[in-house]
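Colleague: Got a structure for you, questions after.
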Amino acid sequence: DDDDDDDEDEDMSQELSNVPPDMVYTETNIRRQAQTYDQLEQIGGKDVINDVYVRAPDEKEWWLVGKVARVSDVSPEQAIERQWPLIERHVWALRIPIRPTSDLSSPFECWYAPGDSEYDAARNDPKVKFTKISGLLL
């Protein structure tokens, strides 16, 4: 029904109006974010990067969904919260199989770990410290 499509378009338009223009999930913004990440990593190394993961509540399986880089006076939480619109949209684009689209009532949790720890995390190395970000759910 065309009315349903119009309602969905209106909902999407409203949702995008709340997102800062530089955080809308567009190719231009994604490329800019990647360039900024590379520059910050080159300058600050592993100390300024973090791996970003999601998982379903009470599950043991983590899904790496990206990385963030930040300047020294910005916490990982602040960097992830600022970039949340991009991260959230990217998670949906990845179509992570831990939650079928028919069950949208069960949110993902957002976590981060030290930068470049994905190999150790994949091996279940207990030394990898995951930190949950409160208030960010998908």
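In the structure tokens, chains take the letters A, B, ... in the order shown, each chain's residues start at 1, and ligands count up from 1 in the order shown.
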Might you pull out every residue within 12 Å of Gln78 in chain A, with only C-alpha atoms counted and same-chain residues fewer than 5 positions away left off, and present them as a PyMOL selection string?

Modeller: chain A and resi 50+68-73+83-84+112+133-134+136

Colleague: Could those residues be written to a file, using N, CA, C and O atoms, as an mmCIF file, in the first residue's frame?

Modeller:
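As a result, part25.cif now contains:
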```
data_model
loop_
_atom_site.group_PDB
_atom_site.id
_atom_site.type_symbol
_atom_site.label_atom_id
_atom_site.label_comp_id
_atom_site.auth_asym_id
_atom_site.auth_seq_id
_atom_site.Cartn_x
_atom_site.Cartn_y
_atom_site.Cartn_z
ATOM 1 N N ASN A 50 40.075 1.655 19.159
ATOM 2 C CA ASN A 50 39.320 0.598 19.842
ATOM 3 C C ASN A 50 38.510 -0.172 18.816
ATOM 4 O O ASN A 50 38.040 0.389 17.828
ATOM 5 N N VAL A 68 37.068 2.435 16.016
ATOM 6 C CA VAL A 68 37.041 3.890 16.158
ATOM 7 C C VAL A 68 38.439 4.351 16.550
ATOM 8 O O VAL A 68 39.188 3.634 17.208
ATOM 9 N N ALA A 69 38.757 5.559 16.099
ATOM 10 C CA ALA A 69 39.992 6.230 16.503
ATOM 11 C C ALA A 69 39.587 7.565 17.105
ATOM 12 O O ALA A 69 38.575 8.145 16.729
ATOM 13 N N ARG A 70 40.391 8.025 18.034
ATOM 14 C CA ARG A 70 40.017 9.242 18.751
ATOM 15 C C ARG A 70 41.273 10.006 19.139
ATOM 16 O O ARG A 70 42.369 9.452 19.113
ATOM 17 N N VAL A 71 41.096 11.240 19.532
ATOM 18 C CA VAL A 71 42.213 12.008 20.069
ATOM 19 C C VAL A 71 42.333 11.677 21.548
ATOM 20 O O VAL A 71 41.419 11.111 22.153
ATOM 21 N N SER A 72 43.440 12.052 22.137
ATOM 22 C CA SER A 72 43.773 11.595 23.489
ATOM 23 C C SER A 72 42.792 12.050 24.572
ATOM 24 O O SER A 72 42.644 11.380 25.588
ATOM 25 N N ASP A 73 42.119 13.183 24.395
ATOM 26 C CA ASP A 73 41.211 13.635 25.449
ATOM 27 C C ASP A 73 39.754 13.209 25.207
ATOM 28 O O ASP A 73 38.844 13.688 25.871
ATOM 29 N N GLN A 83 29.755 8.648 16.999
ATOM 30 C CA GLN A 83 29.657 7.976 15.701
ATOM 31 C C GLN A 83 28.541 6.941 15.662
ATOM 32 O O GLN A 83 28.400 6.205 14.689
ATOM 33 N N TRP A 84 27.736 6.899 16.721
ATOM 34 C CA TRP A 84 26.703 5.863 16.831
ATOM 35 C C TRP A 84 25.778 5.773 15.619
ATOM 36 O O TRP A 84 25.465 4.667 15.169
ATOM 37 N N TYR A 112 33.194 -2.372 23.517
ATOM 38 C CA TYR A 112 34.458 -2.099 22.829
ATOM 39 C C TYR A 112 35.582 -2.844 23.538
ATOM 40 O O TYR A 112 35.461 -3.283 24.684
ATOM 41 N N ILE A 133 29.045 -0.434 26.717
ATOM 42 C CA ILE A 133 28.646 0.967 26.684
ATOM 43 C C ILE A 133 27.179 1.038 27.070
ATOM 44 O O ILE A 133 26.318 0.532 26.345
ATOM 45 N N SER A 134 26.898 1.628 28.185
ATOM 46 C CA SER A 134 25.517 1.729 28.678
ATOM 47 C C SER A 134 24.704 2.652 27.785
ATOM 48 O O SER A 134 25.200 3.689 27.329
ATOM 49 N N LEU A 136 23.516 2.276 24.773
ATOM 50 C CA LEU A 136 23.547 2.112 23.321
ATOM 51 C C LEU A 136 23.046 0.726 22.979
ATOM 52 O O LEU A 136 23.725 -0.269 23.186
#
```

Colleague: Within 9 Å of Arg55 in chain A, counting only C-alpha atoms, which residues show up once you throw out same-chain ones fewer than 5 positions away? Write them as a list in words, please.

Modeller: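 Listed by chain and then number, they are Lys60, Glu61, Trp62, Trp63, Ile98, Pro107, Phe108, Glu109, Cys110 and Trp111 of chain A.
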
Colleague: Dump all heavy atoms for the selected residues as a CSV table (one decimal), in the first residue's frame?

Modeller:
```csv
chain,number,residue,atom,x,y,z
A,60,LYS,N,27.3,-15.3,24.3
A,60,LYS,CA,28.8,-15.3,24.4
A,60,LYS,C,29.5,-15.0,23.1
A,60,LYS,O,30.7,-14.8,23.1
A,60,LYS,CB,29.2,-16.7,24.9
A,60,LYS,CG,28.7,-17.0,26.3
A,60,LYS,CD,29.3,-18.3,26.8
A,60,LYS,CE,28.7,-18.6,28.2
A,60,LYS,NZ,29.2,-19.8,28.8
A,61,GLU,N,28.8,-14.9,22.1
A,61,GLU,CA,29.4,-14.6,20.8
A,61,GLU,C,29.4,-13.1,20.5
A,61,GLU,O,28.3,-12.4,20.6
A,61,GLU,CB,28.6,-15.3,19.7
A,61,GLU,CG,29.3,-15.3,18.3
A,61,GLU,CD,28.6,-16.3,17.4
A,61,GLU,OE1,27.4,-16.4,17.4
A,61,GLU,OE2,29.3,-16.9,16.6
A,62,TRP,N,30.5,-12.6,20.2
A,62,TRP,CA,30.7,-11.1,19.9
A,62,TRP,C,30.9,-11.0,18.4
A,62,TRP,O,31.5,-11.8,17.7
A,62,TRP,CB,32.0,-10.6,20.5
A,62,TRP,CG,32.1,-10.9,22.0
A,62,TRP,CD1,32.5,-12.0,22.6
A,62,TRP,CD2,31.7,-10.0,23.0
A,62,TRP,NE1,32.5,-11.9,24.0
A,62,TRP,CE2,32.0,-10.6,24.3
A,62,TRP,CE3,31.3,-8.7,23.1
A,62,TRP,CZ2,31.8,-10.0,25.5
A,62,TRP,CZ3,31.1,-8.1,24.3
A,62,TRP,CH2,31.3,-8.7,25.5
A,63,TRP,N,30.4,-9.9,17.8
A,63,TRP,CA,30.5,-9.6,16.4
A,63,TRP,C,31.3,-8.2,16.3
A,63,TRP,O,30.8,-7.2,16.7
A,63,TRP,CB,29.2,-9.5,15.8
A,63,TRP,CG,28.5,-10.8,15.7
A,63,TRP,CD1,27.7,-11.3,16.7
A,63,TRP,CD2,28.6,-11.7,14.7
A,63,TRP,NE1,27.3,-12.6,16.3
A,63,TRP,CE2,27.8,-12.9,15.1
A,63,TRP,CE3,29.2,-11.8,13.4
A,63,TRP,CZ2,27.7,-14.0,14.3
A,63,TRP,CZ3,29.0,-12.9,12.6
A,63,TRP,CH2,28.3,-14.0,13.1
A,98,ILE,N,22.8,-13.2,14.5
A,98,ILE,CA,22.4,-13.6,15.8
A,98,ILE,C,21.0,-13.2,16.2
A,98,ILE,O,20.5,-13.7,17.2
A,98,ILE,CB,23.4,-13.1,16.9
A,98,ILE,CG1,23.6,-11.6,16.9
A,98,ILE,CG2,24.8,-13.8,16.7
A,98,ILE,CD1,24.4,-11.1,18.0
A,107,PRO,N,17.3,-6.4,21.7
A,107,PRO,CA,18.4,-5.5,21.2
A,107,PRO,C,19.8,-6.1,21.2
A,107,PRO,O,20.1,-7.0,22.0
A,107,PRO,CB,18.3,-4.3,22.1
A,107,PRO,CG,17.8,-4.9,23.4
A,107,PRO,CD,16.9,-6.1,23.0
A,108,PHE,N,20.6,-5.5,20.4
A,108,PHE,CA,22.1,-5.8,20.5
A,108,PHE,C,22.6,-4.9,21.6
A,108,PHE,O,22.1,-3.8,21.8
A,108,PHE,CB,22.8,-5.4,19.2
A,108,PHE,CG,22.6,-6.4,18.1
A,108,PHE,CD1,22.1,-5.9,16.9
A,108,PHE,CD2,22.9,-7.7,18.2
A,108,PHE,CE1,22.0,-6.8,15.8
A,108,PHE,CE2,22.7,-8.6,17.2
A,108,PHE,CZ,22.3,-8.1,16.0
A,109,GLU,N,23.7,-5.3,22.3
A,109,GLU,CA,24.4,-4.5,23.2
A,109,GLU,C,25.7,-4.0,22.4
A,109,GLU,O,26.2,-4.7,21.6
A,109,GLU,CB,24.9,-5.3,24.4
A,109,GLU,CG,23.7,-5.8,25.2
A,109,GLU,CD,24.2,-6.8,26.3
A,109,GLU,OE1,25.3,-7.3,26.2
A,109,GLU,OE2,23.4,-7.0,27.2
A,110,CYS,N,26.2,-2.9,22.8
A,110,CYS,CA,27.4,-2.4,22.2
A,110,CYS,C,28.6,-2.4,23.2
A,110,CYS,O,28.4,-2.0,24.3
A,110,CYS,CB,27.2,-0.9,21.7
A,110,CYS,SG,28.6,-0.3,20.8
A,111,TRP,N,29.7,-2.9,22.8
A,111,TRP,CA,30.9,-3.1,23.6
A,111,TRP,C,32.1,-2.7,22.8
A,111,TRP,O,32.1,-2.6,21.6
A,111,TRP,CB,31.1,-4.6,23.9
A,111,TRP,CG,30.0,-5.2,24.7
A,111,TRP,CD1,28.7,-5.5,24.3
A,111,TRP,CD2,30.0,-5.6,26.1
A,111,TRP,NE1,28.0,-6.0,25.3
A,111,TRP,CE2,28.8,-6.2,26.4
A,111,TRP,CE3,31.0,-5.6,27.1
A,111,TRP,CZ2,28.5,-6.7,27.7
A,111,TRP,CZ3,30.7,-6.1,28.3
A,111,TRP,CH2,29.5,-6.7,28.6
```

Colleague: Using DSSP on the backbone coordinates, identify the residues of range 33-122 of chain A assigned to helix (DSSP H, G or I); present them as a ChimeraX atom specification.

Modeller: /A:33-48,76-82,84-94,118-122

Colleague: Once you have the residues from the selection above, write them out as a short mmCIF file (atom, residue, chain, number, x, y, z; two decimals), in the first residue's frame, restricted to N, CA and C atoms.

Modeller:
```
data_model
loop_
_atom_site.label_atom_id
_atom_site.label_comp_id
_atom_site.auth_asym_id
_atom_site.auth_seq_id
_atom_site.Cartn_x
_atom_site.Cartn_y
_atom_site.Cartn_z
N GLN A 33 35.36 9.18 7.33
CA GLN A 33 35.64 8.52 8.60
C GLN A 33 36.85 7.59 8.47
N ALA A 34 36.93 6.85 7.38
CA ALA A 34 38.05 5.93 7.17
C ALA A 34 39.37 6.69 7.06
N GLN A 35 39.36 7.81 6.35
CA GLN A 35 40.59 8.62 6.23
C GLN A 35 41.00 9.20 7.58
N THR A 36 40.03 9.69 8.33
CA THR A 36 40.33 10.24 9.66
C THR A 36 40.87 9.16 10.57
N TYR A 37 40.26 7.99 10.53
CA TYR A 37 40.72 6.85 11.34
C TYR A 37 42.19 6.56 11.00
N ASP A 38 42.50 6.44 9.71
CA ASP A 38 43.87 6.13 9.29
C ASP A 38 44.87 7.17 9.79
N GLN A 39 44.49 8.44 9.70
CA GLN A 39 45.38 9.52 10.15
C GLN A 39 45.60 9.46 11.66
N LEU A 40 44.52 9.28 12.42
CA LEU A 40 44.66 9.21 13.88
C LEU A 40 45.47 7.98 14.30
N GLU A 41 45.23 6.85 13.65
CA GLU A 41 45.99 5.64 13.98
C GLU A 41 47.47 5.82 13.66
N GLN A 42 47.76 6.47 12.55
CA GLN A 42 49.15 6.69 12.16
C GLN A 42 49.87 7.56 13.20
N ILE A 43 49.17 8.54 13.74
CA ILE A 43 49.78 9.44 14.72
C ILE A 43 49.82 8.82 16.12
N GLY A 44 48.71 8.25 16.56
CA GLY A 44 48.60 7.79 17.94
C GLY A 44 48.79 6.31 18.18
N GLY A 45 48.79 5.51 17.13
CA GLY A 45 48.97 4.07 17.29
C GLY A 45 47.81 3.41 18.01
N LYS A 46 48.08 2.25 18.59
CA LYS A 46 47.03 1.46 19.25
C LYS A 46 46.40 2.16 20.45
N ASP A 47 47.08 3.14 21.01
CA ASP A 47 46.54 3.83 22.18
C ASP A 47 45.30 4.65 21.88
N VAL A 48 45.07 4.99 20.62
CA VAL A 48 43.92 5.84 20.29
C VAL A 48 42.86 5.10 19.48
N PRO A 76 36.86 6.28 24.66
CA PRO A 76 36.24 5.37 23.68
C PRO A 76 34.71 5.52 23.66
N GLU A 77 34.12 5.67 24.85
CA GLU A 77 32.66 5.82 24.92
C GLU A 77 32.20 7.06 24.16
N GLN A 78 32.92 8.17 24.34
CA GLN A 78 32.54 9.41 23.65
C GLN A 78 32.67 9.25 22.14
N ALA A 79 33.74 8.61 21.69
CA ALA A 79 33.95 8.41 20.25
C ALA A 79 32.84 7.54 19.66
N ILE A 80 32.49 6.47 20.36
CA ILE A 80 31.45 5.57 19.86
C ILE A 80 30.09 6.25 19.90
N GLU A 81 29.79 6.96 20.97
CA GLU A 81 28.50 7.65 21.05
C GLU A 81 28.36 8.68 19.94
N ARG A 82 29.42 9.41 19.65
CA ARG A 82 29.37 10.43 18.59
C ARG A 82 29.13 9.80 17.22
N TRP A 84 27.74 6.90 16.72
CA TRP A 84 26.70 5.86 16.83
C TRP A 84 25.78 5.77 15.62
N PRO A 85 25.31 6.88 15.04
CA PRO A 85 24.43 6.74 13.87
C PRO A 85 25.10 5.94 12.73
N LEU A 86 26.37 6.17 12.49
CA LEU A 86 27.09 5.41 11.46
C LEU A 86 27.26 3.95 11.87
N ILE A 87 27.65 3.73 13.10
CA ILE A 87 27.87 2.36 13.59
C ILE A 87 26.57 1.57 13.55
N GLU A 88 25.51 2.17 14.06
CA GLU A 88 24.21 1.47 14.10
C GLU A 88 23.76 1.08 12.70
N ARG A 89 23.85 2.00 11.77
CA ARG A 89 23.43 1.71 10.38
C ARG A 89 24.32 0.63 9.77
N HIS A 90 25.60 0.66 10.10
CA HIS A 90 26.54 -0.34 9.58
C HIS A 90 26.21 -1.73 10.13
N VAL A 91 25.84 -1.81 11.39
CA VAL A 91 25.45 -3.10 11.97
C VAL A 91 24.27 -3.69 11.20
N TRP A 92 23.29 -2.86 10.91
CA TRP A 92 22.13 -3.36 10.14
C TRP A 92 22.56 -3.78 8.75
N ALA A 93 23.49 -3.05 8.13
CA ALA A 93 23.95 -3.40 6.78
C ALA A 93 24.70 -4.74 6.78
N LEU A 94 25.36 -5.06 7.89
CA LEU A 94 26.10 -6.33 7.97
C LEU A 94 25.19 -7.55 8.08
N GLU A 118 41.10 -7.98 17.70
CA GLU A 118 40.12 -8.89 17.13
C GLU A 118 40.65 -10.32 16.96
N TYR A 119 41.93 -10.45 16.66
CA TYR A 119 42.51 -11.80 16.53
C TYR A 119 42.47 -12.52 17.88
N ASP A 120 42.90 -11.85 18.93
CA ASP A 120 42.87 -12.46 20.26
C ASP A 120 41.44 -12.71 20.72
N ALA A 121 40.53 -11.80 20.39
CA ALA A 121 39.12 -12.00 20.77
C ALA A 121 38.56 -13.22 20.05
N ALA A 122 38.91 -13.40 18.79
CA ALA A 122 38.42 -14.56 18.03
C ALA A 122 38.95 -15.87 18.61
#
```

Colleague: Using only C-alpha atoms, determine which residues lie at most 7 Å from Val65 in chain A, disregarding the query and same-chain residues fewer than 5 positions distant; provide the list as a list of chain:residue names.

Modeller: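 The residues satisfying every condition are A:Val52, A:Tyr53, A:Val54, A:Val91.
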
Colleague: Emit the selected residues as a PDB file, in the first residue's frame, including N, CA and C atoms.

Modeller:
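The resulting file, again17.pdb, is reproduced below:
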```
ATOM      1  N   VAL A  52      35.076  -2.164  17.992  1.00  0.00           N
ATOM      2  CA  VAL A  52      33.688  -2.043  18.417  1.00  0.00           C
ATOM      3  C   VAL A  52      32.960  -3.344  18.082  1.00  0.00           C
ATOM      4  N   TYR A  53      32.267  -3.874  19.082  1.00  0.00           N
ATOM      5  CA  TYR A  53      31.566  -5.145  18.952  1.00  0.00           C
ATOM      6  C   TYR A  53      30.107  -4.980  19.335  1.00  0.00           C
ATOM      7  N   VAL A  54      29.277  -5.866  18.817  1.00  0.00           N
ATOM      8  CA  VAL A  54      27.911  -5.994  19.308  1.00  0.00           C
ATOM      9  C   VAL A  54      27.677  -7.457  19.653  1.00  0.00           C
ATOM     10  N   VAL A  91      25.839  -1.808  11.394  1.00  0.00           N
ATOM     11  CA  VAL A  91      25.448  -3.096  11.974  1.00  0.00           C
ATOM     12  C   VAL A  91      24.275  -3.689  11.202  1.00  0.00           C
TER      13      VAL A  91
END
```

Colleague: By how many Å are CA of Val24 in chain A and CA of Gly135 in chain A apart?

Modeller: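 These atoms are spaced 20.1 Å apart.
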
Colleague: Rounded to one decimal place, report the CA of Phe130 in chain A-CA of Asp51 in chain A distance in Å.

Modeller: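 Computing it gives 9.4 Å between the two atoms.
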